[in-house]
$ cat run-v3.txt   # compact mmCIF, C-alpha atoms
# COMPACT_ATOMS: atom_id res chain seq x y z
CA MET D 1 25.50 -29.02 -31.41
CA ALA D 2 25.31 -25.23 -31.42
CA MET D 3 21.54 -25.49 -31.65
CA ILE D 4 21.35 -27.84 -28.66
CA VAL D 5 23.46 -25.44 -26.57
CA ASP D 6 21.31 -22.53 -27.70
CA ALA D 7 18.09 -24.37 -26.83
CA LEU D 8 19.43 -25.46 -23.45
CA SER D 9 20.59 -21.95 -22.66
CA TRP D 10 17.08 -20.66 -23.38
CA VAL D 11 15.60 -23.32 -21.12
CA PHE D 12 17.93 -22.08 -18.37
CA LEU D 13 17.16 -18.42 -19.04
CA LEU D 14 13.39 -18.95 -19.06
CA THR D 15 13.42 -21.20 -15.96
CA GLY D 16 15.58 -18.62 -14.19
CA GLY D 17 13.15 -15.88 -15.21
CA PHE D 18 10.21 -17.91 -13.93
CA LEU D 19 11.99 -18.44 -10.60
CA GLY D 20 12.69 -14.71 -10.36
CA VAL D 21 9.00 -13.91 -10.83
CA SER D 22 8.11 -16.65 -8.32
CA GLY D 23 10.44 -15.11 -5.76
CA GLY D 24 8.77 -11.75 -6.21
CA ILE D 25 5.31 -13.24 -5.86
CA GLY D 26 6.45 -15.13 -2.76
CA ILE D 27 7.65 -11.89 -1.20
CA LEU D 28 4.16 -10.46 -1.73
CA ARG D 29 2.23 -13.54 -0.62
CA PHE D 30 4.11 -14.78 2.44
CA PRO D 31 2.85 -13.49 5.78
CA ASP D 32 5.90 -12.12 7.61
CA PHE D 33 9.47 -10.91 7.26
CA PHE D 34 11.17 -14.25 7.89
CA THR D 35 9.04 -16.25 5.48
CA ARG D 36 9.56 -13.55 2.86
CA LEU D 37 13.28 -13.97 3.33
CA HIS D 38 12.89 -17.57 2.12
CA ALA D 39 11.08 -16.39 -1.00
CA ALA D 40 13.92 -13.94 -1.68
CA GLY D 41 16.28 -16.87 -1.27
CA VAL D 42 14.86 -18.43 -4.44
CA THR D 43 15.78 -15.30 -6.38
CA ASP D 44 19.35 -15.12 -5.18
CA THR D 45 20.21 -18.79 -5.50
CA LEU D 46 18.75 -20.85 -8.34
CA CYS D 47 17.21 -17.97 -10.30
CA ALA D 48 20.48 -16.03 -10.51
CA ALA D 49 22.54 -19.17 -11.12
CA LEU D 50 20.31 -20.39 -13.97
CA ILE D 51 20.22 -17.00 -15.70
CA LEU D 52 24.00 -16.68 -15.44
CA LEU D 53 24.49 -20.27 -16.68
CA GLY D 54 22.22 -19.52 -19.64
CA LEU D 55 24.22 -16.40 -20.41
CA MET D 56 27.47 -18.38 -20.13
CA MET D 57 26.17 -20.74 -22.79
CA GLN D 58 25.21 -17.82 -25.01
CA ALA D 59 28.68 -16.33 -24.57
CA GLY D 60 30.51 -19.55 -25.47
CA TRP D 61 33.94 -20.56 -24.17
CA GLY D 62 35.97 -17.51 -23.30
CA LEU D 63 36.69 -14.79 -20.79
CA VAL D 64 33.07 -13.61 -20.69
CA ALA D 65 31.96 -17.06 -19.54
CA VAL D 66 34.69 -17.05 -16.88
CA LYS D 67 33.53 -13.66 -15.61
CA LEU D 68 29.94 -14.90 -15.40
CA ALA D 69 31.18 -17.96 -13.48
CA PHE D 70 32.92 -15.60 -11.03
CA ILE D 71 29.62 -13.80 -10.51
CA ILE D 72 27.91 -17.11 -9.62
CA LEU D 73 30.75 -17.93 -7.22
CA PHE D 74 30.66 -14.56 -5.47
CA LEU D 75 26.86 -14.54 -5.27
CA SER D 76 26.97 -17.92 -3.54
CA PHE D 77 29.21 -16.37 -0.85
CA THR D 78 27.53 -13.00 -0.43
CA GLY D 79 23.89 -14.17 -0.70
CA PRO D 80 23.76 -16.19 2.52
CA VAL D 81 25.77 -13.57 4.42
CA ALA D 82 23.25 -10.89 3.43
CA ALA D 83 20.29 -13.14 4.30
CA HIS D 84 21.84 -13.98 7.67
CA ALA D 85 22.56 -10.32 8.39
CA LEU D 86 18.93 -9.40 7.60
CA ALA D 87 17.50 -12.17 9.79
CA ARG D 88 19.83 -11.41 12.66
CA ALA D 89 19.14 -7.68 12.44
CA ALA D 90 15.38 -8.37 12.48
CA LEU D 91 15.70 -10.59 15.56
CA HIS D 92 17.94 -8.03 17.23
CA GLY D 93 15.38 -5.34 16.48
CA GLY D 94 12.78 -7.37 18.36
CA LEU D 95 10.83 -8.74 15.41
CA MET D 96 9.45 -12.17 16.29
CA PRO D 97 8.87 -14.74 13.58
CA LEU D 98 5.26 -15.70 12.96
CA LEU D 99 5.17 -19.40 13.78
CA HIS D 100 2.92 -22.19 12.66
CA ARG D 101 2.22 -23.27 16.22
CA ALA D 102 3.25 -21.68 19.49
CA GLU D 103 5.15 -24.78 20.59
CA ASP D 104 7.45 -24.42 17.58
CA ASP D 105 9.13 -21.58 19.43
CA PRO D 106 11.76 -23.08 21.74
CA SER D 107 12.41 -19.76 23.47
CA LYS D 108 8.89 -19.76 24.93
CA SER D 109 8.82 -23.30 26.28
CA MET G 1 55.13 -17.67 3.29
CA ARG G 2 52.99 -20.36 1.72
CA HIS G 3 49.94 -18.15 2.17
CA ILE G 4 51.66 -15.12 0.66
CA ILE G 5 52.63 -17.08 -2.45
CA SER G 6 49.21 -18.62 -2.86
CA LEU G 7 47.45 -15.27 -2.40
CA THR G 8 49.76 -13.73 -5.02
CA LEU G 9 49.08 -16.52 -7.49
CA ILE G 10 45.32 -16.40 -6.93
CA LEU G 11 45.25 -12.62 -7.38
CA ALA G 12 47.41 -12.84 -10.52
CA GLY G 13 45.12 -15.47 -12.05
CA PHE G 14 42.07 -13.41 -11.09
CA TRP G 15 43.52 -10.27 -12.69
CA LEU G 16 44.43 -12.07 -15.93
CA LEU G 17 41.01 -13.73 -16.22
CA LEU G 18 39.17 -10.47 -15.63
CA SER G 19 41.35 -8.36 -17.90
CA GLY G 20 42.33 -10.66 -20.78
CA HIS G 21 44.73 -8.00 -22.10
CA PHE G 22 48.42 -8.77 -22.24
CA VAL G 23 49.87 -5.33 -22.99
CA PRO G 24 52.70 -4.09 -20.73
CA LEU G 25 50.71 -1.20 -19.24
CA LEU G 26 47.84 -3.38 -17.99
CA LEU G 27 50.13 -6.19 -16.80
CA GLY G 28 52.16 -3.56 -14.93
CA LEU G 29 49.04 -2.10 -13.31
CA GLY G 30 48.05 -5.65 -12.34
CA ALA G 31 51.43 -6.32 -10.74
CA VAL G 32 51.24 -3.07 -8.77
CA SER G 33 47.71 -3.86 -7.57
CA ILE G 34 48.72 -7.35 -6.46
CA LEU G 35 51.74 -6.03 -4.56
CA LEU G 36 49.55 -3.42 -2.91
CA VAL G 37 46.94 -5.98 -1.83
CA VAL G 38 49.55 -8.38 -0.48
CA ALA G 39 51.30 -5.53 1.36
CA ILE G 40 48.03 -4.37 2.94
CA ALA G 41 47.17 -7.94 3.91
CA LEU G 42 50.59 -8.31 5.54
CA ARG G 43 50.22 -5.02 7.40
CA MET G 44 46.78 -6.09 8.63
CA ASP G 45 48.33 -9.36 9.78
CA ALA G 46 45.50 -11.00 7.88
CA PHE G 47 47.31 -14.23 7.06
CA ASP G 48 46.18 -17.12 9.15
CA HIS G 49 44.57 -20.50 8.59
CA GLU G 50 41.10 -18.97 8.58
CA ASN G 51 40.81 -16.52 5.73
CA GLN G 52 42.46 -18.90 3.27
CA PRO G 53 41.57 -22.44 4.23
CA LEU G 54 44.03 -24.03 1.80
CA HIS G 55 43.71 -27.45 3.37
CA LEU G 56 39.97 -27.40 2.59
CA THR G 57 40.15 -26.19 -0.99
CA PHE G 58 40.45 -29.49 -2.80
CA ARG G 59 37.95 -31.40 -0.72
CA PHE G 60 35.29 -28.83 -1.56
CA THR G 61 34.29 -30.04 -5.01
CA PRO G 62 32.14 -33.07 -4.03
CA TYR G 63 30.50 -31.00 -1.30
CA TRP G 64 29.66 -28.22 -3.77
CA VAL G 65 28.07 -30.73 -6.14
CA TRP G 66 25.98 -32.19 -3.33
CA LEU G 67 25.03 -28.71 -2.08
CA ALA G 68 23.99 -27.65 -5.60
CA GLY G 69 21.61 -30.63 -5.70
CA GLU G 70 20.16 -29.65 -2.31
CA ILE G 71 19.72 -26.05 -3.50
CA VAL G 72 17.76 -27.23 -6.55
CA LYS G 73 15.54 -29.50 -4.42
CA SER G 74 14.78 -26.87 -1.80
CA ASN G 75 14.12 -24.25 -4.50
CA ILE G 76 11.46 -26.52 -5.96
CA GLU G 77 9.91 -26.94 -2.49
CA VAL G 78 9.82 -23.19 -1.83
CA VAL G 79 8.42 -22.41 -5.31
CA ARG G 80 5.68 -24.98 -4.65
CA CYS G 81 4.84 -23.16 -1.42
CA ILE G 82 4.83 -19.82 -3.25
CA TRP G 83 2.30 -20.89 -5.88
CA GLY G 84 0.28 -23.15 -3.58
CA PRO G 85 -2.07 -22.13 -0.78
CA VAL G 86 -0.42 -20.05 1.94
CA SER G 87 -1.73 -22.54 4.52
CA ALA G 88 0.83 -25.04 3.17
CA ILE G 89 3.67 -23.26 4.93
CA SER G 90 4.47 -24.01 8.56
CA PRO G 91 7.13 -21.56 9.76
CA THR G 92 9.29 -23.21 12.39
CA ARG G 93 12.13 -22.13 14.60
CA ILE G 94 14.69 -24.71 15.71
CA HIS G 95 18.02 -24.90 17.48
CA LEU G 96 20.80 -27.00 16.04
CA THR G 97 24.09 -27.93 17.64
CA ALA G 98 27.02 -27.44 15.29
CA THR G 99 29.40 -30.36 15.78
CA GLN G 100 32.14 -28.89 13.58
CA ARG G 101 35.42 -28.37 15.38
CA SER G 102 36.70 -25.24 13.66
CA ASP G 103 35.09 -21.85 13.26
CA VAL G 104 35.47 -22.16 9.49
CA GLY G 105 33.50 -25.42 9.59
CA LYS G 106 30.70 -23.81 11.61
CA VAL G 107 30.51 -20.87 9.24
CA ILE G 108 30.40 -23.19 6.21
CA TYR G 109 27.59 -25.13 7.88
CA ALA G 110 25.57 -22.00 8.75
CA ASN G 111 26.14 -20.53 5.29
CA SER G 112 25.03 -23.77 3.65
CA ILE G 113 21.84 -23.72 5.73
CA THR G 114 21.12 -20.18 4.57
CA LEU G 115 22.09 -20.91 0.96
CA THR G 116 19.36 -23.55 0.65
CA PRO G 117 16.08 -21.62 0.38
CA GLY G 118 13.52 -22.52 3.00
CA THR G 119 16.01 -22.43 5.88
CA VAL G 120 17.89 -19.41 7.23
CA ALA G 121 20.48 -19.47 10.00
CA MET G 122 19.45 -16.53 12.17
CA ARG G 123 22.01 -16.76 14.95
CA LEU G 124 25.30 -18.53 15.43
CA GLU G 125 26.68 -18.35 18.95
CA GLY G 126 29.24 -20.80 20.25
CA ASP G 127 28.07 -24.10 18.81
CA GLN G 128 24.37 -23.21 18.80
CA ILE G 129 22.73 -22.34 15.49
CA GLU G 130 19.23 -20.90 15.53
CA VAL G 131 17.38 -21.64 12.31
CA HIS G 132 14.15 -20.36 10.84
CA ALA G 133 12.52 -22.79 8.42
CA LEU G 134 9.65 -22.16 6.03
CA THR G 135 8.14 -25.60 6.57
CA ARG G 136 8.38 -28.30 9.20
CA ALA G 137 9.70 -30.65 6.54
CA ALA G 138 12.65 -28.35 5.81
CA ALA G 139 13.40 -28.10 9.54
CA ALA G 140 13.13 -31.87 9.94
CA SER G 141 15.58 -32.54 7.12
CA LEU G 142 18.13 -30.28 8.82
CA GLN G 143 17.58 -32.08 12.10
CA GLY G 144 18.34 -35.29 10.23
CA GLY G 145 21.88 -33.93 10.30
CA GLU G 146 23.17 -34.98 6.90
CA MET G 147 24.44 -31.52 6.00
CA GLY G 148 26.24 -31.20 9.34
CA ARG G 149 27.88 -34.58 8.85
CA ARG G 150 29.10 -33.68 5.36
CA VAL G 151 30.58 -30.38 6.54
CA ARG G 152 32.30 -32.24 9.42
CA GLU G 153 33.86 -34.59 6.91
CA LEU G 154 35.33 -31.61 5.06
CA GLU G 155 37.31 -30.70 8.15
CA ARG G 156 39.39 -33.83 8.45

$ encode --input "run-v3.txt" --output "structure tokens"
Amino acid sequence: MAMIVDALSWVFLLTGGFLGVSGGIGILRFPDFFTRLHAAGVTDTLCAALILLGLMMQAGWGLVAVKLAFIILFLSFTGPVAAHALARAALHGGLMPLLHRAEDDPSKS
Amino acid sequence: MRHIISLTLILAGFWLLLSGHFVPLLLGLGAVSILLVVAIALRMDAFDHENQPLHLTFRFTPYWVWLAGEIVKSNIEVVRCIWGPVSAISPTRIHLTATQRSDVGKVIYANSITLTPGTVAMRLEGDQIEVHALTRAAAASLQGGEMGRRVRELER
């Protein structure tokens, strides 16, 4: 049983690590601010959650696991607020999203 | 009164879980901190239905489970876009109408949109939500309205 938990926790940790690297690569590869925001979203949702879940399994039942669970909970509240604040600030500052096609922009039609 | 009691209990539980020490000094410090926080909250007149949506608390669990599934799915989509050719993305900007009645419902909806990678709520004014989506598919699934419907059901 302990071995299964250990193996599963490493699967979570490694998948989370892969997602973190993917988020970073997405930030470099995507063309503009708003698309990069989506890449960063991978890092602060599933990547963080998987790494913290993996660490919870390493810690075992106890206060440490509870504290890690709190971190997941608080990240899930603060992450979207920060992303929204960034997007709104960018729009407010006059940055226009790069769009696939011009007609995707309702404000121009 | 109900809100004061529930805030006190939540803060006490939070303190005990974070500290884990049951010596008089630390319990006393915890009690003082809780009293201080409750007193400040009272002075700020910060108790209303909005900052502690008690009536929503218990109906949240199924929604969280569903949202977690959506987060996993959209993460896979975005990671596929990251490693695939850049031409696979089709950034889109859409307007959604939030049909939730309360402000809390609208905020939960907008936050859920942002929490799933691939869609970010950029503006929320009145009942209009402006969303930026990484792909047309992500935008289309929001326009399908399932997330909005589920948040609306939380409100009842």

$ atom_distance --input "run-v3.txt" --atom1 "CA of Pro91 (chain G)" --atom2 "CA of Ile51 (chain D)"
29.0 Å

$ interface_residues --input "run-v3.txt" --of "chain G" --to "chain D" --cutoff "8 Å" --atoms "all atoms listed in the file" --output "mmCIF file with C-alpha atoms, keeping the file's coordinate frame"
data_model
loop_
_atom_site.group_PDB
_atom_site.id
_atom_site.type_symbol
_atom_site.label_atom_id
_atom_site.label_comp_id
_atom_site.auth_asym_id
_atom_site.auth_seq_id
_atom_site.Cartn_x
_atom_site.Cartn_y
_atom_site.Cartn_z
ATOM 1 C CA LEU G 17 41.010 -13.730 -16.220
ATOM 2 C CA LEU G 18 39.170 -10.470 -15.630
ATOM 3 C CA GLY G 20 42.330 -10.660 -20.780
ATOM 4 C CA ILE G 71 19.720 -26.050 -3.500
ATOM 5 C CA VAL G 72 17.760 -27.230 -6.550
ATOM 6 C CA ASN G 75 14.120 -24.250 -4.500
ATOM 7 C CA VAL G 78 9.820 -23.190 -1.830
ATOM 8 C CA VAL G 79 8.420 -22.410 -5.310
ATOM 9 C CA ILE G 82 4.830 -19.820 -3.250
ATOM 10 C CA TRP G 83 2.300 -20.890 -5.880
ATOM 11 C CA VAL G 86 -0.420 -20.050 1.940
ATOM 12 C CA ILE G 89 3.670 -23.260 4.930
ATOM 13 C CA SER G 90 4.470 -24.010 8.560
ATOM 14 C CA PRO G 91 7.130 -21.560 9.760
ATOM 15 C CA THR G 92 9.290 -23.210 12.390
ATOM 16 C CA ARG G 93 12.130 -22.130 14.600
ATOM 17 C CA ILE G 94 14.690 -24.710 15.710
ATOM 18 C CA HIS G 95 18.020 -24.900 17.480
ATOM 19 C CA ASN G 111 26.140 -20.530 5.290
ATOM 20 C CA SER G 112 25.030 -23.770 3.650
ATOM 21 C CA THR G 114 21.120 -20.180 4.570
ATOM 22 C CA LEU G 115 22.090 -20.910 0.960
ATOM 23 C CA THR G 116 19.360 -23.550 0.650
ATOM 24 C CA PRO G 117 16.080 -21.620 0.380
ATOM 25 C CA GLY G 118 13.520 -22.520 3.000
ATOM 26 C CA THR G 119 16.010 -22.430 5.880
ATOM 27 C CA VAL G 120 17.890 -19.410 7.230
ATOM 28 C CA ALA G 121 20.480 -19.470 10.000
ATOM 29 C CA MET G 122 19.450 -16.530 12.170
ATOM 30 C CA ARG G 123 22.010 -16.760 14.950
ATOM 31 C CA HIS G 132 14.150 -20.360 10.840
ATOM 32 C CA ALA G 133 12.520 -22.790 8.420
ATOM 33 C CA LEU G 134 9.650 -22.160 6.030
#

$ atom_distance --input "run-v3.txt" --atom1 "CA of Trp66 (chain G)" --atom2 "CA of Arg150 (chain G)"
9.4 Å

$ atom_distance --input "run-v3.txt" --atom1 "CA of Ala48 (chain D)" --atom2 "CA of Gly20 (chain D)"
7.9 Å

$ axis_aligned_box --input "run-v3.txt" --around "region 116-125 of chain G" --padding-each-side "5 Å" --output "lines of an AutoDock Vina configuration file"
center_x = 20.1
center_y = -20.0
center_z = 9.7
size_x = 23.2
size_y = 17.0
size_z = 28.6

$ residues_around --input "run-v3.txt" --residues "Leu124 (chain G)" --least-positions-apart "2" --cutoff "10 Å" --atoms "only C-alpha atoms" --output "number ranges by chain"
D: 84, 88; G: 95-98, 106-107, 110, 121-122, 126-131

$ write_last_selection --input "run-v3.txt" --atoms "C-alpha atoms" --output "CSV table (one decimal), in the coordinates of the input"
chain,number,residue,atom,x,y,z
D,84,HIS,CA,21.8,-14.0,7.7
D,88,ARG,CA,19.8,-11.4,12.7
G,95,HIS,CA,18.0,-24.9,17.5
G,96,LEU,CA,20.8,-27.0,16.0
G,97,THR,CA,24.1,-27.9,17.6
G,98,ALA,CA,27.0,-27.4,15.3
G,106,LYS,CA,30.7,-23.8,11.6
G,107,VAL,CA,30.5,-20.9,9.2
G,110,ALA,CA,25.6,-22.0,8.8
G,121,ALA,CA,20.5,-19.5,10.0
G,122,MET,CA,19.4,-16.5,12.2
G,126,GLY,CA,29.2,-20.8,20.2
G,127,ASP,CA,28.1,-24.1,18.8
G,128,GLN,CA,24.4,-23.2,18.8
G,129,ILE,CA,22.7,-22.3,15.5
G,130,GLU,CA,19.2,-20.9,15.5
G,131,VAL,CA,17.4,-21.6,12.3

$ closest_residue --input "run-v3.txt" --among "D:Ala69, D:Met57, D:Leu13, D:Leu75" --to "Met1 (chain D)" --atoms "all atoms listed in the file"
D:Met57

$ residues_around --input "run-v3.txt" --residues "Leu142 (chain G)" --least-positions-apart "4" --cutoff "9 Å" --atoms "all atoms listed in the file" --output "PyMOL selection string"
chain G and resi 96+113+119+137-138+146-148

$ residues_around --input "run-v3.txt" --residues "Val5 (chain D)" --least-positions-apart "6" --cutoff "10 Å" --atoms "only C-alpha atoms" --output "PDB file with C-alpha atoms, keeping the file's coordinate frame"
ATOM      1  CA  VAL D  11      15.600 -23.320 -21.120  1.00  0.00           C
ATOM      2  CA  GLY D  54      22.220 -19.520 -19.640  1.00  0.00           C
ATOM      3  CA  MET D  57      26.170 -20.740 -22.790  1.00  0.00           C
ATOM      4  CA  GLN D  58      25.210 -17.820 -25.010  1.00  0.00           C
ATOM      5  CA  GLY D  60      30.510 -19.550 -25.470  1.00  0.00           C
TER       6      GLY D  60
END
